[in-house]
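Peer 1: For reference, this is run35.txt, and it has compact mmCIF, C-alpha atoms.
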# COMPACT_ATOMS: atom_id res chain seq x y z
CA MET F 1 27.75 -21.14 5.70
CA LYS F 2 24.40 -20.21 7.29
CA ILE F 3 21.95 -17.67 5.92
CA THR F 4 18.20 -17.20 6.29
CA VAL F 5 15.76 -17.29 3.39
CA SER F 6 12.35 -15.85 4.21
CA GLY F 7 13.14 -16.28 7.88
CA LYS F 8 14.18 -19.93 7.62
CA PRO F 9 17.79 -21.02 8.16
CA GLN F 10 19.56 -22.44 5.14
CA GLU F 11 23.03 -23.86 4.67
CA ILE F 12 24.86 -22.83 1.51
CA ALA F 13 28.36 -23.32 0.20
CA PRO F 14 30.84 -20.47 0.65
CA GLY F 15 31.08 -18.45 -2.53
CA THR F 16 27.43 -18.98 -3.47
CA ARG F 17 26.11 -16.10 -5.50
CA LEU F 18 22.68 -14.58 -5.17
CA ILE F 19 21.71 -15.66 -8.67
CA ALA F 20 21.98 -19.32 -7.64
CA LEU F 21 19.49 -18.79 -4.81
CA VAL F 22 17.24 -16.75 -7.09
CA ASN F 23 17.16 -19.60 -9.60
CA GLN F 24 16.33 -22.10 -6.83
CA LEU F 25 13.55 -19.91 -5.47
CA GLU F 26 12.04 -19.21 -8.88
CA ALA F 27 11.91 -22.96 -9.54
CA ARG F 28 10.34 -23.60 -6.13
CA VAL F 29 7.50 -21.10 -6.56
CA LYS F 30 6.81 -21.63 -10.26
CA ASN F 31 3.47 -23.33 -9.54
CA ASP F 32 2.26 -20.65 -7.12
CA PRO F 33 -0.99 -19.25 -8.61
CA MET F 34 0.34 -15.70 -8.40
CA ILE F 35 3.52 -16.62 -10.23
CA VAL F 36 1.63 -18.60 -12.85
CA SER F 37 -0.58 -15.56 -13.52
CA LEU F 38 2.35 -13.17 -13.77
CA ILE F 39 4.34 -15.43 -16.07
CA GLN F 40 1.30 -15.94 -18.29
CA LYS F 41 0.69 -12.20 -18.52
CA THR F 42 4.22 -10.84 -18.65
CA GLY F 43 6.65 -13.67 -19.25
CA ARG F 44 8.42 -13.39 -15.92
CA SER F 45 7.75 -13.85 -12.23
CA HIS F 46 8.49 -10.28 -11.10
CA LEU F 47 9.70 -11.53 -7.73
CA LEU F 48 11.62 -8.93 -5.75
CA TYR F 49 14.67 -10.04 -3.77
CA ILE F 50 15.46 -8.16 -0.56
CA LEU F 51 18.92 -8.81 0.85
CA ASN F 52 19.50 -7.50 4.38
CA GLY F 53 16.73 -4.96 3.96
CA THR F 54 17.65 -3.65 0.52
CA VAL F 55 15.98 -4.60 -2.76
CA VAL F 56 18.60 -5.97 -5.18
CA LYS F 57 18.23 -5.11 -8.84
CA ALA F 58 18.13 -8.11 -11.18
CA GLU F 59 21.27 -6.92 -12.96
CA ASP F 60 23.19 -7.30 -9.68
CA HIS F 61 22.05 -10.86 -8.89
CA PRO F 62 24.95 -12.55 -10.72
CA THR F 63 27.66 -10.50 -9.02
CA ILE F 64 26.59 -10.58 -5.37
CA GLU F 65 28.29 -13.23 -3.25
CA MET F 66 26.31 -14.35 -0.24
CA GLN F 67 27.84 -13.78 3.19
CA GLU F 68 27.46 -15.59 6.52
CA GLY F 69 24.29 -14.42 8.30
CA ASP F 70 22.69 -12.82 5.24
CA ASP F 71 18.91 -12.40 5.39
CA LEU F 72 17.22 -12.95 2.01
CA ARG F 73 13.51 -12.36 1.45
CA TYR F 74 11.46 -12.47 -1.70
CA VAL F 75 8.11 -10.87 -2.39
CA HIS F 76 5.74 -10.36 -5.27
CA PRO F 77 5.17 -6.81 -6.45
CA PHE F 78 1.44 -6.15 -6.02
CA PHE F 79 -0.40 -3.42 -7.86
CA GLY F 80 -4.07 -4.36 -7.53
CA GLY F 81 -6.57 -2.57 -5.37
CA MET Y 1 -11.70 17.44 23.73
CA PRO Y 2 -14.52 15.38 22.15
CA THR Y 3 -18.04 16.71 22.51
CA ALA Y 4 -20.65 14.71 24.42
CA GLU Y 5 -22.01 13.42 21.10
CA GLN Y 6 -18.55 12.36 19.98
CA GLU Y 7 -17.78 10.74 23.35
CA LYS Y 8 -20.92 8.66 23.07
CA ARG Y 9 -20.38 7.70 19.46
CA TYR Y 10 -16.70 6.82 19.79
CA SER Y 11 -16.76 5.52 23.37
CA ARG Y 12 -15.54 2.03 22.48
CA GLN Y 13 -12.43 3.36 20.74
CA ILE Y 14 -11.81 6.24 23.16
CA ARG Y 15 -11.37 3.59 25.86
CA LEU Y 16 -8.38 2.23 23.97
CA PRO Y 17 -5.19 3.52 25.64
CA ALA Y 18 -3.70 4.21 22.21
CA ILE Y 19 -6.52 6.63 21.42
CA GLY Y 20 -8.14 8.10 24.53
CA PRO Y 21 -10.02 11.43 24.57
CA ALA Y 22 -6.99 13.36 23.35
CA GLY Y 23 -6.44 10.95 20.46
CA GLN Y 24 -10.09 11.14 19.46
CA ASP Y 25 -9.88 14.90 19.51
CA ARG Y 26 -6.80 14.71 17.30
CA LEU Y 27 -8.56 12.37 14.87
CA GLY Y 28 -11.46 14.80 14.72
CA ARG Y 29 -9.09 17.54 13.63
CA SER Y 30 -7.26 15.37 11.07
CA ARG Y 31 -7.43 15.44 7.30
CA VAL Y 32 -6.79 12.38 5.16
CA ALA Y 33 -7.11 11.72 1.43
CA VAL Y 34 -8.03 8.34 -0.04
CA VAL Y 35 -6.66 8.04 -3.58
CA GLY Y 36 -8.74 5.49 -5.46
CA CYS Y 37 -11.97 4.17 -4.03
CA GLY Y 38 -12.11 0.55 -5.16
CA GLY Y 39 -11.44 -2.58 -3.11
CA LEU Y 40 -8.89 -0.94 -0.85
CA GLY Y 41 -10.24 2.60 -0.93
CA SER Y 42 -13.80 1.58 -0.04
CA VAL Y 43 -12.55 0.05 3.19
CA LEU Y 44 -10.09 2.84 3.90
CA ALA Y 45 -12.71 5.57 3.52
CA HIS Y 46 -15.21 3.52 5.48
CA VAL Y 47 -12.85 3.04 8.44
CA MET Y 48 -11.64 6.65 8.47
CA VAL Y 49 -15.21 7.96 8.48
CA ARG Y 50 -16.47 5.53 11.10
CA MET Y 51 -13.52 6.38 13.37
CA GLY Y 52 -14.31 10.08 13.16
CA VAL Y 53 -11.38 11.47 11.19
CA GLY Y 54 -12.39 15.10 10.74
CA ARG Y 55 -12.10 15.39 6.99
CA VAL Y 56 -11.92 12.56 4.47
CA THR Y 57 -11.38 13.31 0.78
CA VAL Y 58 -12.16 10.53 -1.69
CA ILE Y 59 -10.46 10.83 -5.09
CA ASP Y 60 -11.53 8.53 -7.92
CA GLY Y 61 -12.43 9.19 -11.54
CA ASP Y 62 -14.07 5.82 -12.27
CA ARG Y 63 -17.67 4.63 -12.13
CA PRO Y 64 -18.80 1.43 -10.36
CA GLU Y 65 -19.04 -1.69 -12.52
CA ALA Y 66 -20.66 -5.04 -11.84
CA SER Y 67 -17.24 -6.70 -11.61
CA ASN Y 68 -16.37 -4.38 -8.69
CA LEU Y 69 -19.20 -5.49 -6.42
CA HIS Y 70 -17.58 -8.66 -5.08
CA ARG Y 71 -14.99 -6.62 -3.15
CA GLN Y 72 -15.78 -2.88 -3.26
CA ILE Y 73 -17.96 -2.59 -0.18
CA LEU Y 74 -19.22 0.97 -0.65
CA TYR Y 75 -21.16 0.21 -3.85
CA ASP Y 76 -24.26 -1.76 -4.75
CA GLU Y 77 -26.26 -2.68 -7.83
CA ASP Y 78 -28.09 0.65 -7.79
CA ASP Y 79 -24.79 2.49 -8.06
CA VAL Y 80 -23.80 0.41 -11.09
CA ALA Y 81 -27.16 1.10 -12.74
CA ALA Y 82 -26.96 4.82 -11.98
CA GLY Y 83 -23.43 5.11 -13.33
CA LYS Y 84 -22.57 7.78 -10.81
CA PRO Y 85 -18.83 8.41 -10.28
CA LYS Y 86 -17.41 6.33 -7.46
CA ALA Y 87 -16.21 9.37 -5.56
CA LEU Y 88 -19.73 10.79 -5.42
CA ALA Y 89 -21.52 7.48 -4.76
CA ALA Y 90 -19.03 6.76 -1.98
CA CYS Y 91 -19.55 10.17 -0.41
CA GLU Y 92 -23.30 9.67 -0.26
CA LYS Y 93 -22.83 6.41 1.64
CA LEU Y 94 -20.12 7.81 3.89
CA ARG Y 95 -22.19 10.83 4.89
CA ARG Y 96 -25.01 8.51 5.95
CA ILE Y 97 -22.54 6.54 8.08
CA ASN Y 98 -21.19 9.53 9.99
CA ALA Y 99 -22.55 13.05 9.61
CA LEU Y 100 -19.93 14.36 12.05
CA VAL Y 101 -17.24 13.87 9.42
CA GLU Y 102 -16.65 16.25 6.52
CA VAL Y 103 -16.55 14.05 3.44
CA ALA Y 104 -15.43 15.43 0.08
CA GLY Y 105 -15.61 13.59 -3.23
CA ARG Y 106 -13.34 14.40 -6.15
CA ALA Y 107 -14.43 12.59 -9.32
CA GLU Y 108 -11.05 12.95 -11.00
CA ARG Y 109 -8.11 10.73 -11.74
CA LEU Y 110 -5.04 11.84 -9.82
CA GLU Y 111 -2.41 13.21 -12.20
CA ALA Y 112 0.70 15.33 -11.96
CA ALA Y 113 -1.29 18.39 -13.04
CA ASN Y 114 -3.85 18.13 -10.26
CA ALA Y 115 -1.83 16.44 -7.51
CA ASP Y 116 -1.12 19.63 -5.56
CA ARG Y 117 -4.72 20.77 -5.75
CA LEU Y 118 -6.16 17.40 -4.70
CA LEU Y 119 -3.62 16.33 -2.09
CA ALA Y 120 -2.44 19.54 -0.45
CA ASP Y 121 -3.84 20.28 3.01
CA HIS Y 122 -4.02 16.58 3.96
CA GLU Y 123 -1.89 15.03 6.68
CA VAL Y 124 -1.87 11.44 5.42
CA ILE Y 125 -2.50 10.00 1.95
CA LEU Y 126 -4.02 6.53 1.76
CA ASP Y 127 -3.39 4.34 -1.27
CA GLY Y 128 -6.54 2.83 -2.71
CA THR Y 129 -5.31 2.82 -6.30
CA ASP Y 130 -5.07 -0.10 -8.68
CA ASN Y 131 -1.96 0.72 -10.68
CA LEU Y 132 1.72 1.38 -10.19
CA ASP Y 133 1.90 4.69 -12.07
CA THR Y 134 -0.51 6.46 -9.71
CA ARG Y 135 1.31 5.00 -6.71
CA LEU Y 136 4.63 6.29 -8.01
CA LEU Y 137 3.04 9.71 -8.51
CA VAL Y 138 1.70 9.69 -4.95
CA ASN Y 139 5.11 8.55 -3.73
CA GLU Y 140 6.89 11.41 -5.49
CA TRP Y 141 4.34 13.93 -4.24
CA SER Y 142 4.83 12.59 -0.73
CA VAL Y 143 8.61 12.81 -0.89
CA ALA Y 144 8.45 16.30 -2.41
CA SER Y 145 5.91 17.62 0.09
CA GLY Y 146 6.90 15.68 3.21
CA VAL Y 147 3.38 14.29 3.70
CA PRO Y 148 3.38 10.57 4.60
CA TRP Y 149 1.37 7.98 2.72
CA VAL Y 150 0.46 4.35 3.22
CA TYR Y 151 0.98 1.98 0.30
CA GLY Y 152 -1.23 -1.09 0.03
CA ALA Y 153 -1.84 -3.50 -2.81
CA VAL Y 154 -3.37 -6.89 -3.43
CA ALA Y 155 -3.55 -9.78 -5.90
CA HIS Y 156 -4.98 -13.25 -5.46
CA ALA Y 157 -5.23 -13.79 -1.68
CA GLN Y 158 -2.05 -11.85 -1.00
CA GLY Y 159 -1.18 -8.27 -0.30
CA MET Y 160 1.36 -5.91 1.16
CA VAL Y 161 1.48 -2.70 3.16
CA LEU Y 162 4.19 -0.11 3.69
CA ALA Y 163 3.88 3.16 5.57
CA VAL Y 164 6.05 5.69 3.75
CA ARG Y 165 7.44 8.46 5.95
CA PRO Y 166 9.49 10.77 3.75
CA ASP Y 167 11.44 11.98 6.77
CA ASN Y 168 12.34 8.54 8.00
CA GLY Y 169 12.56 5.33 6.02
CA PRO Y 170 12.22 3.87 2.56
CA CYS Y 171 9.90 5.10 -0.16
CA LEU Y 172 8.10 3.07 -2.81
CA VAL Y 173 10.96 3.42 -5.28
CA CYS Y 174 13.29 1.85 -2.69
CA LEU Y 175 10.95 -1.15 -2.85
CA PHE Y 176 10.38 -1.12 -6.62
CA PRO Y 177 13.59 0.33 -8.06
CA GLU Y 178 13.12 -1.14 -11.51
CA THR Y 179 9.49 -2.14 -11.77
CA ALA Y 180 8.24 1.08 -13.29
CA ALA Y 181 8.89 -0.17 -16.80
CA GLU Y 182 7.02 -3.40 -16.14
CA SER Y 183 3.60 -1.95 -16.75
CA ALA Y 184 2.45 -5.23 -18.27
CA ALA Y 185 2.30 -6.61 -14.73
CA GLU Y 186 -0.48 -4.15 -13.98
CA GLU Y 187 -2.99 -6.16 -15.95
CA PRO Y 188 -5.70 -7.15 -13.51
CA LEU Y 189 -4.92 -10.31 -11.60
CA PRO Y 190 -7.56 -12.29 -9.71
CA ILE Y 191 -8.47 -10.93 -6.26
CA PHE Y 192 -9.84 -12.90 -3.33
CA PRO Y 193 -12.32 -10.40 -1.83
CA PRO Y 194 -11.18 -10.64 1.81
CA ALA Y 195 -7.64 -9.65 0.74
CA PRO Y 196 -8.30 -5.94 0.09
CA VAL Y 197 -10.35 -5.75 3.28
CA ALA Y 198 -7.49 -7.12 5.37
CA VAL Y 199 -4.84 -5.03 3.63
CA ALA Y 200 -6.88 -1.84 3.91
CA CYS Y 201 -7.44 -2.43 7.62
CA LEU Y 202 -3.67 -2.65 8.11
CA GLN Y 203 -3.23 0.53 6.05
CA ALA Y 204 -5.87 2.30 8.14
CA THR Y 205 -4.09 1.23 11.32
CA GLU Y 206 -0.82 2.72 10.10
CA ALA Y 207 -2.66 5.90 9.09
CA VAL Y 208 -4.11 6.27 12.58
CA LYS Y 209 -0.64 5.77 14.05
CA LEU Y 210 0.79 8.39 11.69
CA LEU Y 211 -1.81 10.82 13.02
CA LEU Y 212 -1.63 9.93 16.71
CA GLU Y 213 1.73 8.33 17.44
CA PRO Y 214 4.18 8.38 14.53
CA ALA Y 215 6.83 6.61 16.60
CA GLN Y 216 4.56 3.56 16.63
CA VAL Y 217 4.34 3.30 12.83
CA ASN Y 218 5.48 -0.11 11.62
CA PRO Y 219 8.73 0.43 9.69
CA ASN Y 220 8.56 -2.97 8.00
CA LEU Y 221 7.02 -4.12 4.75
CA LEU Y 222 4.04 -6.27 5.73
CA VAL Y 223 3.25 -9.15 3.39
CA LEU Y 224 0.02 -11.10 3.91
CA ASP Y 225 -1.26 -14.33 2.47
CA LEU Y 226 -4.82 -14.79 3.62
CA TRP Y 227 -5.16 -18.26 2.15
CA SER Y 228 -2.22 -19.69 4.07
CA GLY Y 229 -2.78 -17.37 7.02
CA SER Y 230 0.79 -16.09 6.94
CA CYS Y 231 2.03 -12.57 7.67
CA GLN Y 232 5.66 -11.62 7.12
CA GLN Y 233 7.27 -8.46 8.45
CA ILE Y 234 10.19 -7.68 6.18
CA PRO Y 235 12.73 -5.09 7.33
CA LEU Y 236 13.30 -2.58 4.55
CA GLN Y 237 15.91 0.14 4.50
CA ARG Y 238 16.04 3.39 2.62
CA ASN Y 239 18.15 2.91 -0.49
CA SER Y 240 20.92 5.49 -0.37
CA ALA Y 241 20.97 5.42 -4.18
CA CYS Y 242 17.19 5.79 -4.57
CA ARG Y 243 16.48 8.21 -7.40
CA CYS Y 244 13.35 9.45 -5.59
CA CYS Y 245 13.93 9.83 -1.85
CA ALA Y 246 17.74 10.03 -1.91
CA HIS Y 247 18.35 12.05 -5.08
CA ARG Y 248 14.90 13.67 -5.35
CA ARG Y 249 14.63 12.97 -9.05
CA PHE Y 250 10.93 13.02 -9.86
CA PHE Y 251 9.63 11.48 -13.09
CA TYR Y 252 5.90 11.26 -12.44
CA LEU Y 253 5.42 14.70 -10.88
CA THR Y 254 7.07 16.41 -13.82
CA ARG Y 255 5.23 14.67 -16.65
Now that the file is in, can you turn its structure into structure tokens?

Peer 2:
Amino acid sequence: MKITVSGKPQEIAPGTRLIALVNQLEARVKNDPMIVSLIQKTGRSHLLYILNGTVVKAEDHPTIEMQEGDDLRYVHPFFGG
Amino acid sequence: MPTAEQEKRYSRQIRLPAIGPAGQDRLGRSRVAVVGCGGLGSVLAHVMVRMGVGRVTVIDGDRPEASNLHRQILYDEDDVAAGKPKALAACEKLRRINALVEVAGRAERLEAANADRLLADHEVILDGTDNLDTRLLVNEWSVASGVPWVYGAVAHAQGMVLAVRPDNGPCLVCLFPETAAESAAEEPLPIFPPAPVAVACLQATEAVKLLLEPAQVNPNLLVLDLWSGSCQQIPLQRNSACRCCAHRRFFYLTR
């Protein structure tokens, strides 16, 4: 099954849930300086996951099953100025 | 139409098809507020004043500190030594840049109690703040009043921009539905000085479009990484369950 993650095509198994992708992405970016800072300060990455244009609350990650053609993006919440 | 003095001063931007004499005239009759005059707000106010926006209100209750000077382009060492409020120090600089613009400084922190007084009678609100709470207050005021605002924020060499049009599109709570409780994340992170400059320039561009050609406003969330040179445009939809723009439940305005 094909989806896109941050604009790049990715093949995943049918039935894959969003939480599995979230866990993969969090592992992939754990050494990003922004993520390192946020984890040091707050204990978590604070990444936001946007599925087909809508931000998905963390509590819904385990229950959402990915669908063919889904567009998943992730961003950091920024509050500095 | 622009006066002869304005035509001369703004000639290089009036020649842009997107602005033209009518657009310059419209800018000259426009009123914008810059909430927070730090790394983002310094650039926002600077650009608005140089472009000839008719009235620019700068709202900030802080005073310049030495640690601000690497990125907050309106201040210098004299301002830090004088300890003058940022809003007033900024206004002095801005008036020297363009005497054709009415510049007002409000040395106050934006709060629910003064939001109407400080923000009313402006057509666009520009986000130069450094914390989520004030942004959520501005967002609620915008949704309640119908006045658009342009969110911008930075950390490290990254940043993001979203033009919030209460009549059309997502609001900040659609983007951060559950982050309000995560105030610990507001602790200052490192900032690469070019990042707020770049982000504020994108915010200023969206503000000009809101004033001149709202149909041209970018509906996407823009995410920049200056270090890698990447810019993502992320489509973002209004959340039909959003407590703020869908259900009009306001927490910050009613505190």

Peer 1: Distance limit 6 Å, atoms considered: all atoms listed in the file. Which chain F residues sit that close to chain Y? Return them as a list in words.

Peer 2: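 Written out as asked, the residues are Thr42, Gly53, Thr54, Phe78, Phe79, Gly80 and Gly81 of chain F.
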
Peer 1: For the atom pair CA of Lys93 in chain Y and CA of Asp25 in chain Y, what is the interatomic distance in Å to one decimal place?

Peer 2: 23.6 Å

Peer 1: Can you tell me, as a list in words, what residues are no more than 8 Å from Leu18 in chain F when counting all atoms listed in the file, ignoring any on the same chain fewer than 2 positions away?

Peer 2: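 Those residues are Thr16, Ala20, Leu21, Val22, His61, Pro62, Thr63, Ile64, Glu65 and Met66 of chain F.
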
Peer 1: Work out how far apart CA of Leu72 in chain F and CA of Val5 in chain F are and give it in Å to one decimal.

Peer 2: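 Answer for the CA of Leu72 in chain F to CA of Val5 in chain F separation: 4.8 Å.
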
Peer 1: Please compute the CA of Val49 in chain Y-CA of Glu7 in chain Y distance, one decimal, in Å.

Peer 2: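 Separating CA of Val49 in chain Y from CA of Glu7 in chain Y is a distance of 15.3 Å.
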
Peer 1: Which neighbours of Leu51 in chain F fall inside 7 Å, counting only C-alpha atoms, when residues of the same chain fewer than 5 positions from it are skipped, and could you give them as a list of chain:residue names?

Peer 2: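 In the requested format, the answer is F:Val56, F:Asp71, F:Leu72, F:Arg73.
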
Peer 1: Of the candidates F:Val36, F:Leu25, F:Ile3, F:Val55, which one gets nearest to Asp70 in chain F if we count only C-alpha atoms?

Peer 2: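 Among the listed residues, the smallest separation from Asp70 in chain F belongs to F:Ile3.
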
Peer 1: For a cut-off of 6 Å around (1.7, 18.1, -13.3), file coordinates, pick out all residues using all atoms listed in the file and list them as an mmCIF file with C-alpha atoms, in the coordinates of the input.

Peer 2:
data_model
loop_
_atom_site.group_PDB
_atom_site.id
_atom_site.type_symbol
_atom_site.label_atom_id
_atom_site.label_comp_id
_atom_site.auth_asym_id
_atom_site.auth_seq_id
_atom_site.Cartn_x
_atom_site.Cartn_y
_atom_site.Cartn_z
ATOM 1 C CA ALA Y 112 0.700 15.330 -11.960
ATOM 2 C CA ALA Y 113 -1.290 18.390 -13.040
ATOM 3 C CA LEU Y 253 5.420 14.700 -10.880
ATOM 4 C CA THR Y 254 7.070 16.410 -13.820
ATOM 5 C CA ARG Y 255 5.230 14.670 -16.650
#

Peer 1: At most 9 Å from (23.0, -16.1, 10.2), file frame, all atoms listed in the file: which residues, as a PyMOL selection string?

Peer 2: chain F and resi 1-4+9-10+67-71

Peer 1: Using the selection just defined, write its residues with C-alpha atoms as a PDB file, in the coordinates of the input.

Peer 2:
ATOM      1  CA  MET F   1      27.750 -21.140   5.700  1.00  0.00           C
ATOM      2  CA  LYS F   2      24.400 -20.210   7.290  1.00  0.00           C
ATOM      3  CA  ILE F   3      21.950 -17.670   5.920  1.00  0.00           C
ATOM      4  CA  THR F   4      18.200 -17.200   6.290  1.00  0.00           C
ATOM      5  CA  PRO F   9      17.790 -21.020   8.160  1.00  0.00           C
ATOM      6  CA  GLN F  10      19.560 -22.440   5.140  1.00  0.00           C
ATOM      7  CA  GLN F  67      27.840 -13.780   3.190  1.00  0.00           C
ATOM      8  CA  GLU F  68      27.460 -15.590   6.520  1.00  0.00           C
ATOM      9  CA  GLY F  69      24.290 -14.420   8.300  1.00  0.00           C
ATOM     10  CA  ASP F  70      22.690 -12.820   5.240  1.00  0.00           C
ATOM     11  CA  ASP F  71      18.910 -12.400   5.390  1.00  0.00           C
TER      12      ASP F  71
END

Peer 1: Of the candidates Y:Asn68, Y:Asn114, Y:Ser228, Y:Thr134, which one gets nearest to Lys86 in chain Y if we count all atoms listed in the file?

Peer 2: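 Under the stated criterion, the closest residue is Y:Asn68.
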
Peer 1: Of the residues Y:Ala144, Y:Val150, Y:Val35, Y:Leu119, which is the one nearest to Asp167 in chain Y, using only C-alpha atoms?

Peer 2: Y:Ala144

Peer 1: As a PDB file, keeping the file's coordinate frame, could you write out range 196-222 of chain Y once it has been completed with N, CA and C atoms?

Peer 2:
ATOM      1  N   PRO Y 196      -8.355  -7.403  -0.043  1.00  0.00           N
ATOM      2  CA  PRO Y 196      -8.300  -5.940   0.090  1.00  0.00           C
ATOM      3  C   PRO Y 196      -8.867  -5.439   1.414  1.00  0.00           C
ATOM      4  N   VAL Y 197      -9.815  -6.178   1.973  1.00  0.00           N
ATOM      5  CA  VAL Y 197     -10.350  -5.750   3.280  1.00  0.00           C
ATOM      6  C   VAL Y 197      -9.253  -5.822   4.332  1.00  0.00           C
ATOM      7  N   ALA Y 198      -8.540  -6.942   4.364  1.00  0.00           N
ATOM      8  CA  ALA Y 198      -7.490  -7.120   5.370  1.00  0.00           C
ATOM      9  C   ALA Y 198      -6.360  -6.116   5.166  1.00  0.00           C
ATOM     10  N   VAL Y 199      -5.946  -5.959   3.913  1.00  0.00           N
ATOM     11  CA  VAL Y 199      -4.840  -5.030   3.630  1.00  0.00           C
ATOM     12  C   VAL Y 199      -5.231  -3.600   3.987  1.00  0.00           C
ATOM     13  N   ALA Y 200      -6.445  -3.207   3.612  1.00  0.00           N
ATOM     14  CA  ALA Y 200      -6.880  -1.840   3.910  1.00  0.00           C
ATOM     15  C   ALA Y 200      -6.984  -1.605   5.416  1.00  0.00           C
ATOM     16  N   CYS Y 201      -7.372  -2.605   6.169  1.00  0.00           N
ATOM     17  CA  CYS Y 201      -7.440  -2.430   7.620  1.00  0.00           C
ATOM     18  C   CYS Y 201      -6.037  -2.205   8.204  1.00  0.00           C
ATOM     19  N   LEU Y 202      -5.049  -2.894   7.660  1.00  0.00           N
ATOM     20  CA  LEU Y 202      -3.670  -2.650   8.110  1.00  0.00           C
ATOM     21  C   LEU Y 202      -3.214  -1.249   7.698  1.00  0.00           C
ATOM     22  N   GLN Y 203      -3.573  -0.834   6.491  1.00  0.00           N
ATOM     23  CA  GLN Y 203      -3.230   0.530   6.050  1.00  0.00           C
ATOM     24  C   GLN Y 203      -3.883   1.569   6.979  1.00  0.00           C
ATOM     25  N   ALA Y 204      -5.155   1.347   7.289  1.00  0.00           N
ATOM     26  CA  ALA Y 204      -5.870   2.300   8.140  1.00  0.00           C
ATOM     27  C   ALA Y 204      -5.226   2.379   9.521  1.00  0.00           C
ATOM     28  N   THR Y 205      -4.764   1.242  10.012  1.00  0.00           N
ATOM     29  CA  THR Y 205      -4.090   1.230  11.320  1.00  0.00           C
ATOM     30  C   THR Y 205      -2.825   2.080  11.276  1.00  0.00           C
ATOM     31  N   GLU Y 206      -2.043   1.917  10.211  1.00  0.00           N
ATOM     32  CA  GLU Y 206      -0.820   2.720  10.100  1.00  0.00           C
ATOM     33  C   GLU Y 206      -1.167   4.202   9.941  1.00  0.00           C
ATOM     34  N   ALA Y 207      -2.255   4.494   9.249  1.00  0.00           N
ATOM     35  CA  ALA Y 207      -2.660   5.900   9.090  1.00  0.00           C
ATOM     36  C   ALA Y 207      -3.021   6.512  10.450  1.00  0.00           C
ATOM     37  N   VAL Y 208      -3.741   5.755  11.254  1.00  0.00           N
ATOM     38  CA  VAL Y 208      -4.110   6.270  12.580  1.00  0.00           C
ATOM     39  C   VAL Y 208      -2.849   6.492  13.420  1.00  0.00           C
ATOM     40  N   LYS Y 209      -1.899   5.585  13.306  1.00  0.00           N
ATOM     41  CA  LYS Y 209      -0.640   5.770  14.050  1.00  0.00           C
ATOM     42  C   LYS Y 209       0.121   6.995  13.542  1.00  0.00           C
ATOM     43  N   LEU Y 210       0.121   7.196  12.237  1.00  0.00           N
ATOM     44  CA  LEU Y 210       0.790   8.390  11.690  1.00  0.00           C
ATOM     45  C   LEU Y 210       0.177   9.661  12.274  1.00  0.00           C
ATOM     46  N   LEU Y 211      -1.134   9.638  12.486  1.00  0.00           N
ATOM     47  CA  LEU Y 211      -1.810  10.820  13.020  1.00  0.00           C
ATOM     48  C   LEU Y 211      -1.611  10.977  14.519  1.00  0.00           C
ATOM     49  N   LEU Y 212      -1.631   9.851  15.240  1.00  0.00           N
ATOM     50  CA  LEU Y 212      -1.630   9.930  16.710  1.00  0.00           C
ATOM     51  C   LEU Y 212      -0.271   9.679  17.335  1.00  0.00           C
ATOM     52  N   GLU Y 213       0.492   8.760  16.782  1.00  0.00           N
ATOM     53  CA  GLU Y 213       1.730   8.330  17.440  1.00  0.00           C
ATOM     54  C   GLU Y 213       2.722   7.837  16.384  1.00  0.00           C
ATOM     55  N   PRO Y 214       3.314   8.785  15.654  1.00  0.00           N
ATOM     56  CA  PRO Y 214       4.180   8.380  14.530  1.00  0.00           C
ATOM     57  C   PRO Y 214       5.308   7.432  14.929  1.00  0.00           C
ATOM     58  N   ALA Y 215       5.740   7.509  16.177  1.00  0.00           N
ATOM     59  CA  ALA Y 215       6.830   6.610  16.600  1.00  0.00           C
ATOM     60  C   ALA Y 215       6.389   5.152  16.584  1.00  0.00           C
ATOM     61  N   GLN Y 216       5.084   4.924  16.608  1.00  0.00           N
ATOM     62  CA  GLN Y 216       4.560   3.560  16.630  1.00  0.00           C
ATOM     63  C   GLN Y 216       4.340   2.983  15.229  1.00  0.00           C
ATOM     64  N   VAL Y 217       4.569   3.778  14.203  1.00  0.00           N
ATOM     65  CA  VAL Y 217       4.340   3.300  12.830  1.00  0.00           C
ATOM     66  C   VAL Y 217       5.251   2.108  12.545  1.00  0.00           C
ATOM     67  N   ASN Y 218       4.703   1.090  11.938  1.00  0.00           N
ATOM     68  CA  ASN Y 218       5.480  -0.110  11.620  1.00  0.00           C
ATOM     69  C   ASN Y 218       6.464   0.226  10.488  1.00  0.00           C
ATOM     70  N   PRO Y 219       7.762   0.075  10.726  1.00  0.00           N
ATOM     71  CA  PRO Y 219       8.730   0.430   9.690  1.00  0.00           C
ATOM     72  C   PRO Y 219       8.929  -0.657   8.647  1.00  0.00           C
ATOM     73  N   ASN Y 220       8.318  -1.819   8.878  1.00  0.00           N
ATOM     74  CA  ASN Y 220       8.560  -2.970   8.000  1.00  0.00           C
ATOM     75  C   ASN Y 220       7.564  -3.020   6.849  1.00  0.00           C
ATOM     76  N   LEU Y 221       7.948  -3.743   5.818  1.00  0.00           N
ATOM     77  CA  LEU Y 221       7.020  -4.120   4.750  1.00  0.00           C
ATOM     78  C   LEU Y 221       6.214  -5.313   5.265  1.00  0.00           C
ATOM     79  N   LEU Y 222       4.898  -5.171   5.282  1.00  0.00           N
ATOM     80  CA  LEU Y 222       4.040  -6.270   5.730  1.00  0.00           C
ATOM     81  C   LEU Y 222       3.543  -7.026   4.496  1.00  0.00           C
TER      82      LEU Y 222
END
